[in-house]
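S.K.: Have a peek at input.txt (compact mmCIF, C-alpha atoms and all ligand atoms).
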```txt
# COMPACT_ATOMS: atom_id res chain seq x y z
CA MET V 773 -11.49 -15.07 -30.88
CA THR V 774 -13.83 -12.12 -31.45
CA THR V 775 -14.98 -11.57 -27.87
CA ALA V 776 -12.53 -9.80 -25.59
CA ILE V 777 -14.62 -9.62 -22.43
CA GLU V 778 -17.52 -11.88 -21.51
CA VAL V 779 -19.37 -11.26 -18.24
CA HIS V 780 -22.24 -13.36 -16.87
CA GLY V 781 -24.19 -12.81 -13.68
CA LEU V 782 -21.32 -10.99 -11.98
CA ARG V 783 -22.07 -10.05 -8.39
CA LYS V 784 -20.06 -8.49 -5.59
CA ALA V 785 -21.13 -7.30 -2.16
CA PHE V 786 -19.16 -5.61 0.61
CA ARG V 787 -20.84 -6.84 3.81
CA GLU V 788 -24.56 -6.57 3.05
CA LYS V 789 -24.13 -3.86 0.43
CA VAL V 790 -24.47 -5.22 -3.10
CA VAL V 791 -22.12 -3.16 -5.26
CA VAL V 792 -22.15 -5.14 -8.50
CA ASP V 793 -25.47 -6.81 -9.10
CA ASP V 794 -25.89 -9.54 -11.70
CA LEU V 795 -23.94 -7.89 -14.52
CA ASP V 796 -24.13 -9.34 -18.02
CA PHE V 797 -22.31 -7.89 -21.00
CA SER V 798 -19.72 -8.69 -23.60
CA VAL V 799 -17.13 -6.57 -25.38
CA SER V 800 -15.84 -7.37 -28.85
CA ARG V 801 -12.19 -7.38 -29.81
CA GLY V 802 -10.99 -3.92 -30.82
CA GLU V 803 -14.06 -2.27 -29.34
CA VAL V 804 -13.91 0.79 -27.09
CA PHE V 805 -16.42 0.14 -24.33
CA ALA V 806 -17.23 2.79 -21.73
CA LEU V 807 -18.72 2.11 -18.33
CA LEU V 808 -20.43 5.28 -17.26
CA GLY V 809 -22.02 5.95 -13.91
CA PRO V 810 -22.36 8.29 -10.96
CA ASN V 811 -20.13 8.09 -7.88
CA GLY V 812 -20.46 4.78 -6.12
CA ALA V 813 -22.21 3.04 -9.04
CA GLY V 814 -19.72 0.18 -9.01
CA LYS V 815 -17.42 1.10 -11.91
CA THR V 816 -14.11 0.61 -10.12
CA THR V 817 -15.31 -2.57 -8.47
CA THR V 818 -16.21 -3.97 -11.91
CA ILE V 819 -12.81 -3.02 -13.32
CA ASN V 820 -11.10 -4.52 -10.28
CA ILE V 821 -12.90 -7.83 -10.82
CA LEU V 822 -12.05 -7.88 -14.55
CA THR V 823 -8.39 -7.12 -13.86
CA THR V 824 -8.17 -9.80 -11.12
CA LEU V 825 -7.58 -7.29 -8.28
CA THR V 826 -10.86 -8.26 -6.58
CA SER V 827 -12.75 -11.53 -6.74
CA ALA V 828 -16.48 -11.61 -7.47
CA ASP V 829 -18.86 -13.41 -5.11
CA SER V 830 -20.57 -15.16 -8.00
CA GLY V 831 -20.88 -15.11 -11.76
CA SER V 832 -18.14 -15.44 -14.32
CA ALA V 833 -15.87 -13.20 -16.36
CA LEU V 834 -13.59 -14.09 -19.23
CA VAL V 835 -10.96 -11.58 -20.34
CA ALA V 836 -9.04 -12.27 -23.56
CA GLY V 837 -10.52 -15.76 -23.36
CA TRP V 838 -9.27 -16.56 -19.83
CA ASP V 839 -11.20 -16.87 -16.60
CA VAL V 840 -10.42 -14.04 -14.18
CA ARG V 841 -10.84 -16.33 -11.19
CA SER V 842 -9.12 -19.58 -12.16
CA GLN V 843 -6.69 -18.27 -14.81
CA SER V 844 -5.72 -14.92 -13.31
CA THR V 845 -2.05 -15.13 -14.36
CA GLU V 846 -3.04 -15.65 -18.00
CA VAL V 847 -5.40 -12.66 -17.75
CA GLN V 848 -2.70 -10.47 -16.15
CA ARG V 849 -0.31 -11.26 -19.03
CA ARG V 850 -2.76 -9.88 -21.58
CA ILE V 851 -4.03 -6.72 -19.95
CA SER V 852 -2.83 -3.43 -18.62
CA LEU V 853 -4.50 -1.11 -16.16
CA THR V 854 -4.06 2.54 -15.31
CA GLY V 855 -4.09 3.89 -11.83
CA GLN V 856 -1.08 1.88 -10.78
CA SER V 857 0.88 4.93 -9.68
CA ALA V 858 2.06 2.80 -6.77
CA ALA V 859 4.42 1.34 -9.39
CA VAL V 860 6.00 4.77 -9.96
CA ASP V 861 9.29 5.34 -8.15
CA ASP V 862 9.37 8.89 -6.77
CA ALA V 863 13.15 8.95 -6.60
CA LEU V 864 13.54 8.26 -10.33
CA SER V 865 12.91 10.56 -13.28
CA ALA V 866 9.99 10.12 -15.68
CA THR V 867 12.28 8.58 -18.30
CA GLU V 868 13.88 6.23 -15.79
CA ASN V 869 10.45 5.10 -14.63
CA VAL V 870 9.27 4.33 -18.15
CA ILE V 871 12.51 2.46 -18.95
CA MET V 872 12.27 0.47 -15.72
CA PHE V 873 8.67 -0.44 -16.48
CA ALA V 874 9.53 -1.38 -20.07
CA ARG V 875 12.42 -3.60 -18.91
CA LEU V 876 10.09 -5.32 -16.42
CA ALA V 877 7.66 -5.88 -19.29
CA GLY V 878 10.42 -7.74 -21.13
CA LEU V 879 11.76 -5.13 -23.58
CA GLY V 880 15.49 -5.07 -24.32
CA ARG V 881 17.65 -2.12 -23.23
CA GLY V 882 17.51 -0.31 -26.61
CA ALA V 883 13.82 -0.97 -27.18
CA ALA V 884 12.98 0.23 -23.67
CA ARG V 885 14.88 3.48 -24.25
CA ARG V 886 13.20 4.06 -27.63
CA ARG V 887 9.77 3.37 -26.13
CA SER V 888 10.46 5.82 -23.31
CA VAL V 889 11.30 8.59 -25.80
CA GLU V 890 8.02 7.96 -27.69
CA LEU V 891 5.88 7.86 -24.56
CA ILE V 892 7.49 10.87 -22.89
CA GLU V 893 6.73 12.82 -26.06
CA GLN V 894 3.23 11.40 -26.46
CA PHE V 895 2.27 12.24 -22.88
CA ASP V 896 3.74 15.72 -22.99
CA LEU V 897 6.47 15.11 -20.42
CA VAL V 898 9.47 16.18 -22.51
CA ASP V 899 10.26 19.22 -20.37
CA ALA V 900 10.11 17.16 -17.19
CA ALA V 901 11.66 13.97 -18.60
CA SER V 902 14.74 14.04 -16.40
CA GLN V 903 13.04 15.57 -13.37
CA ARG V 904 12.48 13.42 -10.30
CA VAL V 905 8.84 12.33 -10.07
CA ARG V 906 8.78 13.53 -6.43
CA THR V 907 8.56 17.11 -7.78
CA PHE V 908 5.69 16.39 -10.22
CA SER V 909 2.27 18.04 -10.11
CA GLY V 910 -0.81 15.82 -9.87
CA GLY V 911 -1.49 16.14 -13.60
CA MET V 912 2.13 15.26 -14.55
CA ARG V 913 2.04 12.24 -12.28
CA ARG V 914 -1.22 11.16 -13.86
CA ARG V 915 0.27 11.47 -17.36
CA LEU V 916 3.27 9.38 -16.34
CA ASP V 917 0.96 6.77 -14.85
CA LEU V 918 -0.94 6.66 -18.15
CA ALA V 919 2.28 6.44 -20.14
CA LEU V 920 3.22 3.34 -18.16
CA SER V 921 0.00 1.57 -19.15
CA PHE V 922 0.93 2.12 -22.81
CA VAL V 923 4.48 0.72 -22.53
CA VAL V 924 3.46 -2.51 -24.19
CA THR V 925 0.30 -2.86 -26.23
CA PRO V 926 -1.93 -5.28 -24.37
CA GLU V 927 -4.83 -7.29 -25.76
CA VAL V 928 -7.17 -5.49 -23.40
CA LEU V 929 -6.46 -2.07 -21.95
CA PHE V 930 -8.36 -1.04 -18.82
CA LEU V 931 -8.52 2.65 -18.08
CA ASP V 932 -10.17 3.64 -14.82
CA GLU V 933 -11.26 7.28 -15.13
CA PRO V 934 -8.19 8.00 -17.27
CA THR V 935 -8.68 11.71 -17.77
CA THR V 936 -9.59 12.70 -14.22
CA GLY V 937 -7.20 15.49 -13.24
CA LEU V 938 -5.96 16.14 -16.77
CA ASP V 939 -6.22 19.51 -18.48
CA THR V 940 -8.11 19.85 -21.76
CA ARG V 941 -5.05 19.50 -24.00
CA SER V 942 -3.80 16.37 -22.22
CA ARG V 943 -7.32 14.94 -22.27
CA ARG V 944 -7.62 15.36 -26.01
CA ALA V 945 -4.14 13.94 -26.57
CA LEU V 946 -5.07 10.89 -24.53
CA TRP V 947 -8.28 10.42 -26.52
CA GLU V 948 -6.15 10.39 -29.66
CA THR V 949 -3.79 7.81 -28.15
CA ILE V 950 -6.74 5.63 -27.12
CA ARG V 951 -8.17 5.81 -30.66
CA GLN V 952 -4.80 4.80 -32.11
CA VAL V 953 -4.46 1.86 -29.74
CA ALA V 954 -8.00 0.69 -30.47
CA GLY V 955 -7.35 1.11 -34.21
CA GLY V 956 -4.46 -1.32 -33.79
CA GLY V 957 -6.83 -4.01 -32.47
CA THR V 958 -6.56 -3.51 -28.71
CA THR V 959 -9.82 -3.66 -26.80
CA VAL V 960 -10.31 -0.66 -24.53
CA PHE V 961 -12.49 -0.82 -21.44
CA LEU V 962 -12.78 2.52 -19.75
CA THR V 963 -14.73 4.00 -16.90
CA THR V 964 -15.58 7.64 -16.88
CA GLN V 965 -17.82 10.22 -15.32
CA TYR V 966 -17.41 12.47 -18.34
CA LEU V 967 -20.25 12.00 -20.75
CA GLU V 968 -18.40 13.81 -23.50
CA GLU V 969 -15.52 11.38 -23.16
CA ALA V 970 -17.78 8.36 -23.56
CA ASP V 971 -19.53 10.07 -26.47
CA GLN V 972 -16.23 10.86 -28.20
CA LEU V 973 -14.50 7.55 -27.68
CA ALA V 974 -16.85 4.68 -27.11
CA ASP V 975 -18.33 2.33 -29.66
CA ARG V 976 -20.77 1.30 -26.95
CA ILE V 977 -21.63 2.61 -23.53
CA ALA V 978 -23.09 0.88 -20.50
CA VAL V 979 -24.63 3.17 -17.90
CA LEU V 980 -24.20 1.65 -14.48
CA HIS V 981 -26.64 2.57 -11.74
CA ASP V 982 -26.64 0.95 -8.30
CA GLY V 983 -24.49 -1.89 -9.57
CA ARG V 984 -26.77 -2.71 -12.49
CA ILE V 985 -26.69 -1.84 -16.16
CA ALA V 986 -29.43 0.70 -16.60
CA ALA V 987 -28.78 1.25 -20.31
CA LEU V 988 -26.49 -0.24 -22.92
CA GLY V 989 -25.93 0.70 -26.54
CA THR V 990 -24.12 2.92 -29.01
CA PRO V 991 -24.02 6.62 -28.09
CA ALA V 992 -26.46 7.37 -30.93
CA ALA V 993 -28.89 4.63 -29.87
CA LEU V 994 -28.83 5.76 -26.25
CA LYS V 995 -29.48 9.35 -27.23
CA SER V 996 -32.35 8.41 -29.51
CA ARG V 997 -33.95 6.52 -26.62
CA VAL V 998 -34.49 9.64 -24.58
CA GLY V 999 -36.58 11.12 -27.36
CA GLY V 1000 -36.27 13.41 -30.33
CA ASP V 1001 -35.12 16.99 -30.56
CA THR V 1002 -36.29 19.58 -28.07
CA VAL V 1003 -37.50 23.02 -29.09
CA GLU V 1004 -36.04 25.50 -26.64
CA LEU V 1005 -36.88 29.13 -26.03
CA HIS V 1006 -34.28 31.39 -24.44
CA ASP V 1007 -34.92 34.96 -23.28
CA VAL V 1008 -32.63 37.90 -24.16
CA ARG V 1009 -30.33 37.00 -21.26
CA GLY V 1010 -29.91 33.51 -22.66
CA THR V 1011 -31.92 31.91 -19.85
CA LEU V 1012 -33.92 28.86 -20.86
CA ARG V 1013 -37.61 29.74 -20.59
CA ARG V 1014 -39.38 26.84 -22.23
CA ALA V 1015 -38.42 23.38 -23.53
CA ILE V 1016 -40.87 21.37 -25.62
CA PRO V 1017 -39.88 17.81 -26.48
CA THR V 1018 -40.70 16.63 -30.01
CA ASP V 1019 -40.53 13.32 -31.80
CA GLY V 1020 -38.27 14.90 -34.42
CA SER V 1021 -40.91 15.01 -37.16
CA ILE V 1022 -41.76 18.18 -39.09
CA ALA V 1023 -45.38 18.03 -37.88
CA ASP V 1024 -44.31 17.82 -34.24
CA LEU V 1025 -41.82 20.63 -34.67
CA ARG V 1026 -44.58 22.78 -36.13
CA ARG V 1027 -46.84 21.87 -33.21
CA ALA V 1028 -44.15 22.96 -30.74
CA LEU V 1029 -43.76 26.30 -32.51
CA ASP V 1030 -47.55 26.74 -32.52
CA VAL V 1031 -47.55 26.20 -28.75
CA LEU V 1032 -44.93 28.92 -28.31
CA ASP V 1033 -46.88 31.19 -30.67
CA ALA V 1034 -50.12 30.65 -28.76
CA GLU V 1035 -48.35 31.48 -25.52
CA GLY V 1036 -47.09 34.74 -27.06
CA ALA V 1037 -43.58 33.72 -26.09
CA GLU V 1038 -40.71 36.07 -26.88
CA GLY V 1039 -37.08 35.20 -27.28
CA THR V 1040 -34.83 33.02 -29.39
CA VAL V 1041 -35.91 29.59 -30.52
CA SER V 1042 -33.39 26.80 -31.03
CA LEU V 1043 -33.41 23.06 -31.54
CA ARG V 1044 -31.44 20.87 -29.17
CA ARG V 1045 -30.48 17.32 -30.02
CA PRO V 1046 -30.58 14.81 -27.17
CA SER V 1047 -27.25 14.50 -25.40
CA LEU V 1048 -25.71 11.78 -23.29
CA ASP V 1049 -26.45 14.03 -20.31
CA ASP V 1050 -30.15 13.47 -20.99
CA VAL V 1051 -29.56 9.71 -21.10
CA PHE V 1052 -27.49 9.76 -17.94
CA LEU V 1053 -30.01 11.81 -16.00
CA ALA V 1054 -32.93 9.75 -17.29
CA VAL V 1055 -31.50 6.36 -16.39
CA THR V 1056 -29.80 7.29 -13.13
CA SER V 1057 -32.69 9.20 -11.60
CA PRO V 1058 -33.96 7.66 -8.35
CA THR V 1059 -37.36 7.00 -9.95
CA HIS V 1060 -35.91 5.10 -12.88
CA SER V 1061 -36.69 1.38 -12.96
CA SER V 1062 -33.56 -0.63 -12.20
CA LEU V 1063 -34.53 -3.30 -14.71
CA PRO V 1064 -31.79 -3.67 -17.33
CA MET V 1065 -32.90 -2.20 -20.62
CA LYS V 1066 -32.60 -4.00 -23.88
CA GLU V 1067 -29.61 -3.19 -25.99
CA HIS V 1068 -30.26 -1.13 -29.08
CA ALA V 1069 -27.78 -1.51 -31.92
N1 LIG Q 1101 -13.26 -2.45 -0.25
C1 LIG Q 1101 -14.48 -1.96 -0.05
N2 LIG Q 1101 -15.11 -2.15 1.13
C2 LIG Q 1101 -16.35 -1.67 1.34
N3 LIG Q 1101 -17.07 -0.98 0.44
C3 LIG Q 1101 -16.50 -0.74 -0.76
C4 LIG Q 1101 -15.17 -1.22 -1.07
N4 LIG Q 1101 -14.88 -0.85 -2.34
C5 LIG Q 1101 -15.96 -0.16 -2.79
N5 LIG Q 1101 -16.92 -0.11 -1.85
C6 LIG Q 1101 -18.25 0.55 -2.00
O1 LIG Q 1101 -18.83 0.07 -3.18
C7 LIG Q 1101 -19.57 1.09 -3.85
C8 LIG Q 1101 -19.10 1.18 -5.29
O2 LIG Q 1101 -17.77 1.67 -5.30
P1 LIG Q 1101 -16.93 1.84 -6.65
O3 LIG Q 1101 -15.61 2.40 -6.27
O4 LIG Q 1101 -16.96 0.58 -7.42
O5 LIG Q 1101 -17.82 2.92 -7.41
P2 LIG Q 1101 -17.46 3.86 -8.62
O6 LIG Q 1101 -18.62 3.75 -9.57
O7 LIG Q 1101 -16.12 3.54 -9.17
O8 LIG Q 1101 -17.47 5.29 -7.93
P3 LIG Q 1101 -16.56 6.62 -8.21
O9 LIG Q 1101 -17.11 7.24 -9.44
O10 LIG Q 1101 -16.88 7.43 -6.99
O11 LIG Q 1101 -15.14 6.20 -8.30
C9 LIG Q 1101 -19.36 2.34 -3.03
O12 LIG Q 1101 -20.49 2.52 -2.21
C10 LIG Q 1101 -18.14 2.04 -2.20
O13 LIG Q 1101 -18.19 2.71 -0.98
```
What is this file in structure tokens?
Ligand SMILES: Nc1ncnc2c1ncn2[C@@H]1O[C@H](COP(=O)(O)OP(=O)(O)OP(=O)(O)O)[C@@H](O)[C@H]1O

M.R.:
Amino acid sequence: MTTAIEVHGLRKAFREKVVVDDLDFSVSRGEVFALLGPNGAGKTTTINILTTLTSADSGSALVAGWDVRSQSTEVQRRISLTGQSAAVDDALSATENVIMFARLAGLGRGAARRRSVELIEQFDLVDAASQRVRTFSGGMRRRLDLALSFVVTPEVLFLDEPTTGLDTRSRRALWETIRQVAGGGTTVFLTTQYLEEADQLADRIAVLHDGRIAALGTPAALKSRVGGDTVELHDVRGTLRRAIPTDGSIADLRRALDVLDAEGAEGTVSLRRPSLDDVFLAVTSPTHSSLPMKEHA
């Protein structure tokens, strides 16, 4: 099986409000797929449907080859999901929590202990390993929650805004862990509001806007869609004074410089490559057509 997630015409409304609107996409095995979108775009609802926590009103979704609606137990056996801090016992230490979780996942006593040592180290909880979780900061709790979703390697790992609340070092460490897991063949489906995160991690990105996919493709393809490089002029204070989009060709670059010359502009000229921010702002602006765009390889 090469397809890990297959979604067709998925739709979900809360009362009259359509939150997920006719979604279609598929994710290959071993792929890191990021669902990006502003607040309220429908990211969590989509993840909840794919992880069997919520049922869709219509459409279908297969995860690891099983139907999320009619074969939910089979799906649950093959996935893991972050954000289940409800599963964390405040009265236990971090180590005890990981061991308990590992035992529930079917690991033997020795294997559970070994796994806890690895995960406590990996998620930078060594100093707090034997501390009761009740005393943890928000970031420590978040790291423990993440550690639990890595106790066993699932076929498909769902991470709902995994790095929210993490400091830079923890964020980068988690990215590394995600890369390792994906390198081992696990499919990773993550939601994020951080464009850099999607850019760093994802093989492909879907930008969700008002419950619909407004853009879908590799980070490079999405960036190239919003145009070529931009010639920017900053004044001595570093304030952006002028931005002239180009198609990336030498002739167009020269034209942009001629424009600045003709205007008698003063300051420092630089070339800015399109970023995912440009993509995000372009496709999630209120004036943007909500028609799904074609995927670019
Ligand atoms: N159980 C519910 N009942 C009613 N409305 C809901 C429910 N769950 C979500 N919604 C609404 O659906 C919309 C999409 O919510 P969702 O949590 O999926 O968005 P999101 O993209 O994950 O947003 P965020 O980035 O803020 O987490 C929001 O307007 C939200 O208020």

S.K.: Compute the set of protein, DNA and RNA residues whose minimum atom distance to ligand LIG 1101 (chain Q) is at most 7 Å, using only C-alpha atoms and all ligand atoms, and state it as a VMD selection string.

M.R.: chain V and resid 786 791 809 to 818 965

S.K.: Each residue of region 947-1002 of chain V with at least one atom at most 12 Å from region 842-865 of chain V should appear once, together with its nearest atom pair and the corresponding distance in Å (one decimal); atoms considered: only C-alpha atoms; ordering: chain, then increasing residue number; output as a tab-separated table.

M.R.:
```
residue	atom	partner	partner_atom	distance
V:Thr958	CA	V:Ile851	CA	9.7
V:Thr959	CA	V:Ile851	CA	9.5
V:Val960	CA	V:Ile851	CA	9.9
V:Phe961	CA	V:Leu853	CA	9.6
V:Leu962	CA	V:Leu853	CA	9.7
V:Thr963	CA	V:Thr854	CA	10.9
```

S.K.: Quick one: of V:Ala785, V:Val898, V:Val804, V:Val923, who's nearest to Gly955 (chain V), counting only C-alpha atoms?

M.R.: V:Val804

S.K.: For a test of reading the model, state the distance in Å between CA of Thr775 (chain V) and CA of Val928 (chain V), rounded to one decimal.

M.R.: 10.9 Å

S.K.: Report the distance between CA of Lys995 (chain V) and CA of Pro1046 (chain V) in Å, rounded to one decimal place.

M.R.: 5.6 Å

S.K.: Write out as a PyMOL selection string the residues lying within 12 Å of Gly989 (chain V), counting all atoms listed in the file and excluding same-chain residues fewer than 3 positions away.

M.R.: chain V and resi 797-799+805-808+970-971+974-979+985-986+992-997+1048+1051+1064-1069

S.K.: Pick the closest to Phe1052 (chain V) from V:Val998, V:Ala1015, V:Val1003, V:Ala866: which is it, counting all atoms listed in the file?

M.R.: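 Comparing V:Val998, V:Ala1015, V:Val1003, V:Ala866 against Phe1052 (chain V), the winner is V:Val998.
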
S.K.: For a quick check of understanding, using only C-alpha atoms, which of V:Val790, V:Ala884, V:Val1041, V:Ala836 has the smallest distance to Thr774 (chain V)?

M.R.: V:Ala836

S.K.: So which residues touch Asp794 (chain V) within 7 Å, counting only C-alpha atoms, skipping near sequence neighbours fewer than 5 positions away, as a PDB file with C-alpha atoms, keeping the file's coordinate frame?

M.R.:
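Result file is out24.pdb:
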```
ATOM      1  CA  GLY V 781     -24.190 -12.810 -13.680  1.00  0.00           C
ATOM      2  CA  LEU V 782     -21.320 -10.990 -11.980  1.00  0.00           C
ATOM      3  CA  ARG V 783     -22.070 -10.050  -8.390  1.00  0.00           C
ATOM      4  CA  ARG V 984     -26.770  -2.710 -12.490  1.00  0.00           C
TER       5      ARG V 984
END
```

S.K.: What is the CA of Met912 (chain V)-CA of Ile892 (chain V) distance in Å, reported with one decimal?

M.R.: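 The value is 10.8 Å.
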
S.K.: Enumerate, as a list in words, the protein, DNA and RNA residues whose atoms approach (17.2, 17.0, -15.3) to within 12 Å, taking into account all atoms listed in the file and the coordinate frame of the file.

M.R.: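 Residues close enough to count: Leu864, Ser865, Ala866, Thr867, Glu868, Val898, Asp899, Ala900, Ala901, Ser902, Gln903, Arg904, Val905 and Thr907 of chain V.
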
S.K.: Around the point (-34.4, 15.4, -29.0) (coordinates from the file), which residues reach within 10 Å if we count all atoms listed in the file? Answer as a list in words.

M.R.: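 All residues meeting the 10 Å criterion around (-34.4, 15.4, -29.0) are Lys995, Ser996, Arg997, Val998, Gly999, Gly1000, Asp1001, Thr1002, Val1003, Ile1016, Pro1017, Thr1018, Asp1019, Gly1020, Leu1043, Arg1044, Arg1045, Pro1046, Ser1047 and Asp1050 of chain V.
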